[in-house]
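This is data.cif. It holds mmCIF, C-alpha atoms.
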data_work
#
loop_
_atom_site.label_atom_id
_atom_site.label_comp_id
_atom_site.auth_asym_id
_atom_site.auth_seq_id
_atom_site.Cartn_x
_atom_site.Cartn_y
_atom_site.Cartn_z
CA MET Q 1 83.07 12.67 71.10
CA ASN Q 2 80.85 14.72 73.38
CA TYR Q 3 81.73 17.72 75.47
CA PRO Q 4 78.37 18.09 77.15
CA ASN Q 5 79.41 20.64 79.73
CA LYS Q 6 81.16 22.89 77.30
CA ILE Q 7 78.13 22.77 75.06
CA LYS Q 8 75.95 23.63 78.03
CA LYS Q 9 78.03 26.66 78.94
CA ASN Q 10 77.94 28.08 75.43
CA TYR Q 11 74.30 27.30 75.02
CA SER Q 12 72.15 30.28 74.18
CA LYS Q 13 68.48 30.47 75.06
CA THR Q 14 67.62 31.98 71.70
CA ILE Q 15 67.43 28.71 69.82
CA ASN Q 16 65.86 29.09 66.41
CA TYR Q 17 65.05 26.83 63.51
CA ALA Q 18 68.31 27.73 61.77
CA ASN Q 19 70.41 25.65 64.17
CA ARG Q 20 68.03 22.78 64.75
CA GLY Q 21 70.03 20.62 62.36
CA THR Q 22 73.17 20.63 64.46
CA THR Q 23 72.07 20.63 68.07
CA LEU Q 24 69.93 17.60 68.89
CA GLU Q 25 71.49 17.32 72.34
CA ASN Q 26 70.90 21.02 73.00
CA ILE Q 27 67.21 21.01 72.10
CA ILE Q 28 66.71 17.94 74.32
CA THR Q 29 68.57 19.69 77.13
CA GLU Q 30 66.31 22.72 76.57
CA ALA Q 31 63.24 20.48 76.88
CA ASN Q 32 64.61 18.86 80.05
CA LYS Q 33 65.13 22.31 81.54
CA TYR Q 34 61.57 23.28 80.63
CA TYR Q 35 60.21 20.04 82.15
CA LEU Q 36 62.18 20.60 85.38
CA GLU Q 37 61.24 24.27 85.74
CA ASN Q 38 57.57 23.49 85.08
CA ASN Q 39 57.56 20.48 87.38
CA ILE Q 40 56.71 18.05 84.57
CA ALA Q 41 59.65 15.63 84.80
CA VAL Q 42 63.20 15.26 86.14
CA ILE Q 43 65.31 14.04 83.23
CA TYR Q 44 68.99 14.87 82.75
CA LYS Q 45 72.09 13.95 80.81
CA LYS Q 46 74.52 11.66 82.59
CA ALA Q 47 78.20 12.49 82.66
CA THR Q 48 80.27 11.06 79.80
CA PRO Q 49 82.17 7.97 80.97
CA ILE Q 50 85.85 8.82 81.16
CA GLY Q 51 88.72 6.55 82.12
CA ILE Q 52 91.48 8.20 84.11
CA ASN Q 53 95.14 7.35 83.52
CA LYS Q 54 96.93 10.00 85.54
CA THR Q 55 96.17 12.72 88.06
CA ASN Q 56 98.30 15.44 89.57
CA TYR Q 57 96.63 16.50 92.81
CA LYS Q 58 93.13 17.55 91.73
CA GLU Q 59 93.97 17.87 88.04
CA ILE Q 60 93.47 14.98 85.67
CA THR Q 61 96.44 15.00 83.31
CA SER Q 62 95.65 11.96 81.17
CA ALA Q 63 92.27 10.38 80.46
CA TYR Q 64 90.22 8.93 77.62
CA PHE Q 65 86.58 8.61 76.49
CA LYS Q 66 85.13 5.21 77.31
CA GLU Q 67 82.53 3.25 75.37
CA LYS Q 68 79.07 3.72 76.85
CA SER Q 69 77.17 0.74 78.24
CA THR Q 70 74.07 2.72 79.21
CA LEU Q 71 72.12 5.53 77.52
CA ASP Q 72 72.82 9.26 77.73
CA PHE Q 73 69.71 10.59 79.44
CA VAL Q 74 67.98 9.27 82.55
CA GLY Q 75 65.17 10.42 84.78
CA ILE Q 76 61.67 10.14 86.08
CA TYR Q 77 58.31 11.14 84.62
CA LYS Q 78 54.99 10.47 86.40
CA GLY Q 79 56.73 7.74 88.41
CA TYR Q 80 58.07 6.03 85.26
CA TYR Q 81 61.76 5.24 84.85
CA ILE Q 82 62.98 6.89 81.64
CA GLU Q 83 66.29 6.31 79.86
CA PHE Q 84 67.17 7.27 76.30
CA ASP Q 85 69.86 8.18 73.83
CA ALA Q 86 69.89 10.94 71.22
CA LYS Q 87 71.12 9.91 67.79
CA GLU Q 88 71.71 12.05 64.74
CA THR Q 89 72.18 10.47 61.35
CA LYS Q 90 73.43 12.14 58.20
CA SER Q 91 71.97 9.42 56.03
CA SER Q 92 68.61 10.42 54.57
CA THR Q 93 67.58 6.86 53.75
CA SER Q 94 68.20 4.88 56.95
CA PHE Q 95 69.37 4.85 60.56
CA PRO Q 96 72.54 2.70 60.88
CA LEU Q 97 72.35 0.25 63.79
CA SER Q 98 76.12 0.59 64.24
CA ASN Q 99 75.14 3.74 66.17
CA ILE Q 100 74.13 1.52 69.09
CA HIS Q 101 76.64 -0.64 70.98
CA ASN Q 102 75.80 -4.22 71.97
CA HIS Q 103 76.05 -3.33 75.66
CA GLN Q 104 73.43 -0.67 75.11
CA ILE Q 105 71.05 -3.16 73.47
CA VAL Q 106 71.44 -5.48 76.48
CA HIS Q 107 70.84 -2.53 78.79
CA ILE Q 108 67.68 -1.51 76.90
CA LYS Q 109 66.33 -5.07 77.17
CA ASN Q 110 67.03 -5.09 80.91
CA ILE Q 111 65.24 -1.78 81.45
CA LEU Q 112 62.19 -2.97 79.51
CA GLU Q 113 62.10 -6.19 81.50
CA HIS Q 114 61.98 -4.23 84.76
CA LYS Q 115 59.11 -2.05 83.51
CA GLY Q 116 61.11 1.02 82.62
CA PHE Q 117 60.93 3.00 79.38
CA ALA Q 118 64.00 2.95 77.17
CA PHE Q 119 64.05 4.55 73.74
CA LEU Q 120 66.04 6.46 71.16
CA ILE Q 121 65.40 9.93 69.82
CA ILE Q 122 66.51 9.90 66.21
CA GLN Q 123 67.12 12.92 64.02
CA ILE Q 124 66.82 12.04 60.36
CA ASN Q 125 65.98 14.31 57.37
CA ASN Q 126 65.49 17.28 59.71
CA SER Q 127 62.73 15.42 61.56
CA TYR Q 128 62.75 13.83 65.00
CA TYR Q 129 61.36 10.45 65.95
CA LEU Q 130 60.94 8.48 69.17
CA LEU Q 131 61.93 4.86 68.52
CA SER Q 132 60.77 2.78 71.48
CA GLY Q 133 63.08 0.13 72.93
CA ASN Q 134 60.49 -2.56 72.14
CA LEU Q 135 60.32 -1.58 68.48
CA LEU Q 136 64.12 -1.44 68.26
CA ILE Q 137 64.53 -4.91 69.82
CA ASN Q 138 61.81 -6.34 67.57
CA PHE Q 139 63.42 -4.83 64.49
CA ILE Q 140 66.82 -6.32 65.39
CA ASN Q 141 65.28 -9.73 66.13
CA GLU Q 142 63.23 -9.85 62.97
CA ASN Q 143 65.67 -8.37 60.48
CA SER Q 144 69.20 -9.09 59.39
CA ARG Q 145 69.56 -5.50 58.12
CA LYS Q 146 72.27 -3.28 59.51
CA SER Q 147 70.13 -0.18 59.37
CA ILE Q 148 66.51 0.84 59.87
CA PRO Q 149 65.02 2.30 56.66
CA TYR Q 150 63.69 5.84 56.87
CA GLU Q 151 60.33 4.66 55.53
CA TYR Q 152 60.06 2.19 58.44
CA ILE Q 153 60.87 4.95 60.94
CA LYS Q 154 58.30 7.32 59.38
CA GLU Q 155 55.59 4.66 59.51
CA ASN Q 156 56.30 3.11 62.91
CA CYS Q 157 57.94 5.70 65.17
CA LEU Q 158 56.35 8.60 67.01
CA GLU Q 159 57.30 11.94 65.52
CA ILE Q 160 58.54 14.59 67.94
CA LYS Q 161 57.87 18.24 67.30
CA TYR Q 162 60.27 21.04 68.00
CA ASN Q 163 58.74 23.85 70.00
CA TYR Q 164 60.54 27.18 70.24
CA ILE Q 165 59.58 27.59 73.89
CA LYS Q 166 59.94 24.03 75.13
CA GLY Q 167 62.72 22.76 72.88
CA LEU Q 168 62.31 19.23 71.50
CA ASP Q 169 59.03 18.41 73.25
CA TYR Q 170 59.47 14.61 73.39
CA ILE Q 171 57.15 14.12 76.36
CA VAL Q 172 54.15 14.69 74.08
CA SER Q 173 55.29 11.66 72.04
CA LEU Q 174 56.24 9.73 75.17
CA ASN Q 175 52.70 10.17 76.47
CA LYS Q 176 51.45 8.17 73.48
CA LEU Q 177 53.93 5.41 74.31
CA LEU Q 178 52.91 5.41 77.98
CA GLU Q 179 49.25 5.85 77.10
CA VAL Q 180 48.85 8.51 79.79
CA MET U 1 87.85 11.88 94.69
CA ASN U 2 86.51 8.74 93.08
CA TYR U 3 88.16 6.54 90.50
CA PRO U 4 85.22 4.19 89.99
CA ASN U 5 86.54 2.44 86.93
CA LYS U 6 89.95 1.75 88.38
CA ILE U 7 88.30 0.41 91.51
CA LYS U 8 86.12 -1.81 89.33
CA LYS U 9 89.08 -3.20 87.44
CA ASN U 10 91.04 -4.06 90.57
CA TYR U 11 88.00 -5.34 92.32
CA SER U 12 88.28 -8.91 93.53
CA LYS U 13 85.30 -11.19 94.00
CA THR U 14 86.67 -12.50 97.29
CA ILE U 15 85.31 -9.72 99.45
CA ASN U 16 85.46 -10.52 103.14
CA TYR U 17 84.61 -8.78 106.36
CA ALA U 18 88.18 -7.55 106.77
CA ASN U 19 87.79 -4.94 104.04
CA ARG U 20 84.19 -3.98 104.62
CA GLY U 21 85.28 -0.78 106.39
CA THR U 22 86.94 0.69 103.33
CA THR U 23 84.88 -0.37 100.35
CA LEU U 24 81.29 0.83 100.67
CA GLU U 25 81.15 1.55 96.95
CA ASN U 26 82.53 -1.90 96.12
CA ILE U 27 80.02 -3.84 98.21
CA ILE U 28 77.19 -1.82 96.63
CA THR U 29 78.64 -2.53 93.17
CA GLU U 30 78.81 -6.22 94.13
CA ALA U 31 75.11 -6.13 95.12
CA ASN U 32 74.20 -4.37 91.86
CA LYS U 33 76.02 -7.08 89.93
CA TYR U 34 74.15 -9.76 91.87
CA TYR U 35 70.80 -7.99 91.24
CA LEU U 36 71.53 -7.70 87.51
CA GLU U 37 72.72 -11.30 87.09
CA ASN U 38 69.73 -12.62 89.02
CA ASN U 39 67.28 -10.38 87.19
CA ILE U 40 66.22 -8.56 90.36
CA ALA U 41 67.03 -4.95 89.42
CA VAL U 42 69.08 -2.81 87.03
CA ILE U 43 70.97 -0.32 89.17
CA TYR U 44 74.39 1.10 88.30
CA LYS U 45 76.89 3.77 89.17
CA LYS U 46 76.87 6.81 86.94
CA ALA U 47 80.12 8.17 85.56
CA THR U 48 81.85 10.78 87.69
CA PRO U 49 81.20 14.26 86.28
CA ILE U 50 84.41 15.58 84.80
CA GLY U 51 85.05 18.93 83.17
CA ILE U 52 87.41 18.87 80.23
CA ASN U 53 89.93 21.64 79.66
CA LYS U 54 92.11 20.24 76.90
CA THR U 55 92.21 17.30 74.50
CA ASN U 56 94.85 16.08 72.11
CA TYR U 57 93.11 13.93 69.51
CA LYS U 58 91.34 11.26 71.57
CA GLU U 59 93.38 11.83 74.73
CA ILE U 60 92.16 14.20 77.41
CA THR U 61 95.22 16.06 78.65
CA SER U 62 93.64 18.36 81.22
CA ALA U 63 90.43 17.88 83.17
CA TYR U 64 89.00 18.25 86.67
CA PHE U 65 86.41 16.62 88.95
CA LYS U 66 83.14 18.55 89.02
CA GLU U 67 80.72 18.96 91.90
CA LYS U 68 77.85 16.49 91.62
CA SER U 69 74.29 17.77 91.28
CA THR U 70 72.69 14.31 91.22
CA LEU U 71 73.34 11.09 93.15
CA ASP U 72 75.89 8.36 92.31
CA PHE U 73 73.68 5.37 91.61
CA VAL U 74 70.59 5.17 89.43
CA GLY U 75 68.33 2.43 88.14
CA ILE U 76 65.10 0.57 88.13
CA TYR U 77 63.58 -1.98 90.52
CA LYS U 78 60.09 -3.44 90.03
CA GLY U 79 59.23 -0.45 87.84
CA TYR U 80 60.34 2.04 90.53
CA TYR U 81 62.84 4.79 89.77
CA ILE U 82 65.76 4.44 92.20
CA GLU U 83 68.55 6.94 92.83
CA PHE U 84 70.94 7.03 95.76
CA ASP U 85 74.32 8.03 97.08
CA ALA U 86 76.75 6.03 99.20
CA LYS U 87 78.25 7.93 102.13
CA GLU U 88 80.90 6.84 104.56
CA THR U 89 81.51 8.76 107.75
CA LYS U 90 84.45 8.41 110.11
CA SER U 91 82.54 10.07 112.91
CA SER U 92 81.02 7.53 115.30
CA THR U 93 78.53 9.98 116.79
CA SER U 94 76.84 11.62 113.79
CA PHE U 95 76.53 11.92 110.02
CA PRO U 96 77.63 15.42 108.89
CA LEU U 97 75.15 17.02 106.48
CA SER U 98 78.08 18.78 104.77
CA ASN U 99 78.43 15.42 102.96
CA ILE U 100 75.46 16.41 100.80
CA HIS U 101 75.53 19.37 98.40
CA ASN U 102 72.58 21.74 98.13
CA HIS U 103 72.04 20.76 94.49
CA GLN U 104 71.70 17.17 95.61
CA ILE U 105 69.05 18.09 98.20
CA VAL U 106 67.05 19.89 95.51
CA HIS U 107 67.46 16.88 93.22
CA ILE U 108 66.25 14.49 95.94
CA LYS U 109 63.15 16.66 96.52
CA ASN U 110 62.42 16.65 92.78
CA ILE U 111 62.71 12.87 92.52
CA LEU U 112 60.38 12.36 95.49
CA GLU U 113 57.86 14.76 94.00
CA HIS U 114 57.76 12.73 90.78
CA LYS U 115 57.20 9.45 92.69
CA GLY U 116 60.74 8.14 92.53
CA PHE U 117 62.79 6.75 95.41
CA ALA U 118 65.83 8.74 96.45
CA PHE U 119 67.91 7.81 99.48
CA LEU U 120 71.35 7.61 101.04
CA ILE U 121 73.23 4.52 102.13
CA ILE U 122 75.27 5.56 105.14
CA GLN U 123 78.14 3.65 106.67
CA ILE U 124 78.65 4.58 110.30
CA ASN U 125 80.26 2.57 113.13
CA ASN U 126 80.76 -0.41 110.81
CA SER U 127 77.02 -0.60 110.19
CA TYR U 128 75.01 0.34 107.12
CA TYR U 129 71.75 2.28 107.03
CA LEU U 130 69.26 3.32 104.39
CA LEU U 131 68.22 6.92 105.04
CA SER U 132 65.19 7.70 102.89
CA GLY U 133 64.98 10.99 101.04
CA ASN U 134 61.79 11.87 102.91
CA LEU U 135 63.43 11.35 106.29
CA LEU U 136 66.47 13.37 105.21
CA ILE U 137 64.34 16.30 103.99
CA ASN U 138 62.20 16.19 107.14
CA PHE U 139 65.30 16.18 109.34
CA ILE U 140 66.76 19.19 107.51
CA ASN U 141 63.44 21.07 107.69
CA GLU U 142 62.86 20.37 111.38
CA ASN U 143 66.38 20.76 112.73
CA SER U 144 69.03 23.43 112.63
CA ARG U 145 71.71 20.79 113.32
CA LYS U 146 74.55 20.34 110.88
CA SER U 147 74.68 16.59 111.40
CA ILE U 148 72.32 13.70 112.04
CA PRO U 149 73.10 12.02 115.40
CA TYR U 150 73.99 8.32 115.26
CA GLU U 151 71.21 7.57 117.77
CA TYR U 152 68.66 9.15 115.40
CA ILE U 153 69.97 7.05 112.48
CA LYS U 154 69.86 3.85 114.55
CA GLU U 155 66.28 4.52 115.62
CA ASN U 156 64.82 5.83 112.36
CA CYS U 157 66.76 4.37 109.45
CA LEU U 158 66.55 0.90 107.93
CA GLU U 159 69.63 -1.17 108.68
CA ILE U 160 71.25 -2.92 105.69
CA LYS U 161 72.98 -6.24 106.15
CA TYR U 162 76.15 -7.28 104.39
CA ASN U 163 75.87 -10.68 102.74
CA TYR U 164 79.00 -12.44 101.58
CA ILE U 165 77.30 -13.71 98.41
CA LYS U 166 75.16 -10.70 97.50
CA GLY U 167 77.32 -7.86 98.80
CA LEU U 168 75.49 -5.04 100.61
CA ASP U 169 71.97 -6.35 100.15
CA TYR U 170 70.15 -3.00 100.27
CA ILE U 171 67.11 -4.19 98.32
CA VAL U 172 65.90 -6.08 101.40
CA SER U 173 65.76 -2.75 103.24
CA LEU U 174 64.38 -0.95 100.21
CA ASN U 175 61.47 -3.42 100.12
CA LYS U 176 60.42 -2.14 103.56
CA LEU U 177 60.49 1.43 102.25
CA LEU U 178 58.49 0.47 99.16
CA GLU U 179 56.23 -1.83 101.17
CA VAL U 180 56.54 -4.54 98.51
#

Let me see the structure of the file written as structure tokens.
Amino acid sequence: MNYPNKIKKNYSKTINYANRGTTLENIITEANKYYLENNIAVIYKKATPIGINKTNYKEITSAYFKEKSTLDFVGIYKGYYIEFDAKETKSSTSFPLSNIHNHQIVHIKNILEHKGFAFLIIQINNSYYLLSGNLLINFINENSRKSIPYEYIKENCLEIKYNYIKGLDYIVSLNKLLEV
Amino acid sequence: MNYPNKIKKNYSKTINYANRGTTLENIITEANKYYLENNIAVIYKKATPIGINKTNYKEITSAYFKEKSTLDFVGIYKGYYIEFDAKETKSSTSFPLSNIHNHQIVHIKNILEHKGFAFLIIQINNSYYLLSGNLLINFINENSRKSIPYEYIKENCLEIKYNYIKGLDYIVSLNKLLEV
């Protein structure tokens, strides 16, 4: 369950390496803020899909978290359509594909087909990797495995470096994917 | 207040002209469905931003609708980043600019600067118009008016036609904006 807005409110600017293990979403949000303020990109987290059961005037009195069919972050960079999800895994040996819903896989394929860039940012073993949508789809098509081995990620994905000023500076890795 | 998911659930495929006055969001959603199924574009409505006060296990027991800082619909068409809002007005003489929050204006400017396409779809006098972000920003910069006169919209905006198979077929008008 995500409470993105609460996290945002409590978010301190003094991020340090000590908390990098627990705040993947925060260090991405920090990067997005840096990119926006420095006119590099406009990328933001979408609202969490919530289904509403009951309201009382303006107050929602009963609601529930819905399964996502798209990815968490969306935006534009150098005219490119960007959409991605942030995924943390506690496993040190592999990234479980159960982290991604079928609807999301379909959505990633659709984005790629229309010349957008869809990817995952994966945190594993205290490192960060950009797993492109193409690589993800290929892996699923070519393997019957239910998880992507860490060794495969290390060899095939783009590593993302944490920067204490910029946050998780994924655009450096994205540039390699876009070849810009 | 929007209840997009409830609307979606109750939404019937047998849209006709009788209800076109009350369902701008639905006829856009119908078009988006047509575009997706026919592999034309991937454009969808984002979740409504909701702030959560209280939860009880998986149930949200107190929450509220938040002010939007982005636009309702986002997606990709022919590699272009697309973001827009749907706006109905009951006034027959003008479109009140109070319909758009300041944060949204800033967001539109940012999208345009990064080579994306941001616009509004306006329903006025039972007609539909695509008001490009550029035209909107220019109007705001050059006028002290608090609304855009209907005559100005008719003369300067791209009209969008309702199609009983495709829904509100805004991509036809968007093509003129993109010059594709």

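Using all atoms listed in the file, the shortest contact distance between chain U and any of Q:Thr55, Q:Thr61, Q:Ser92, Q:Asn38 is found at Q:Thr61.
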
- Task: With a distance cut-off of 12 Å and only C-alpha atoms, select the neighbouring residues of Ile140 (chain Q), excluding the residue or stretch itself and same-chain residues fewer than 2 positions from it, and output the selection as a list in words.
- Result: Pro96, Leu97, Ser98, Ile100, Asn102, Ile105, Lys109, Gly133, Asn134, Leu135, Leu136, Ile137, Asn138, Glu142, Asn143, Ser144, Arg145, Lys146, Ser147 and Ile148 of chain Q

- Item | CA of Tyr129 (chain U) to CA of Thr93 (chain U), distance in Å rounded to a single decimal |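 The value is 14.2 Å.
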
- Query: If you count only C-alpha atoms, which residues fall within 9 Å of region 39-52 of chain U, apart from same-chain ones fewer than 3 positions away, as a PyMOL selection string?
  - Reply: (chain Q and resi 3+5-6+46-50+107+110-111+113-114) or (chain U and resi 2-5+29+32-36+55+60-68+71-78+82-83+171)

Care to translate the PyMOL selection byres ((chain Q and resi 124) around 7) into actual residues of this file, as a compact mmCIF listing (two decimals) with C-alpha atoms, in the coordinates of the input?
# COMPACT_ATOMS: atom_id res chain seq x y z
CA GLU Q 88 71.71 12.05 64.74
CA THR Q 89 72.18 10.47 61.35
CA LYS Q 90 73.43 12.14 58.20
CA SER Q 92 68.61 10.42 54.57
CA ILE Q 122 66.51 9.90 66.21
CA GLN Q 123 67.12 12.92 64.02
CA ASN Q 125 65.98 14.31 57.37
CA ASN Q 126 65.49 17.28 59.71
CA SER Q 127 62.73 15.42 61.56
CA TYR Q 128 62.75 13.83 65.00

Padding 3 Å on every side, please: axis-aligned box over the listed atoms of region 69-85 of chain Q, centre and edge lengths to one decimal in Å, as lines of an AutoDock Vina configuration file.
center_x = 66.1
center_y = 5.9
center_z = 81.1
size_x = 28.2
size_y = 16.4
size_z = 20.6

- Message: Report, in Å to a single decimal, how far apart CA of Lys161 (chain U) and CA of Leu130 (chain U) are.
- Response: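 Answer for the CA of Leu130 (chain U) to CA of Lys161 (chain U) separation: 10.4 Å.
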
- Residue nearest Phe95 (chain Q) - candidates Q:Tyr162, Q:Tyr81, Q:Tyr170, Q:Tyr152, atoms counted: only C-alpha atoms: Q:Tyr152

- Could you check how far CA of Val106 (chain U) sits from CA of Thr70 (chain U), in Å to one decimal?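 Computed distance, CA of Val106 (chain U) to CA of Thr70 (chain U), equals 9.0 Å.
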
- Any chance you could resolve the PyMOL selection byres ((chain U and resi 119) around 7) against this file and give the residues as JSON, numbers by chain? {"U": [83, 84, 85, 117, 118, 120, 121, 130, 131, 132, 133]}
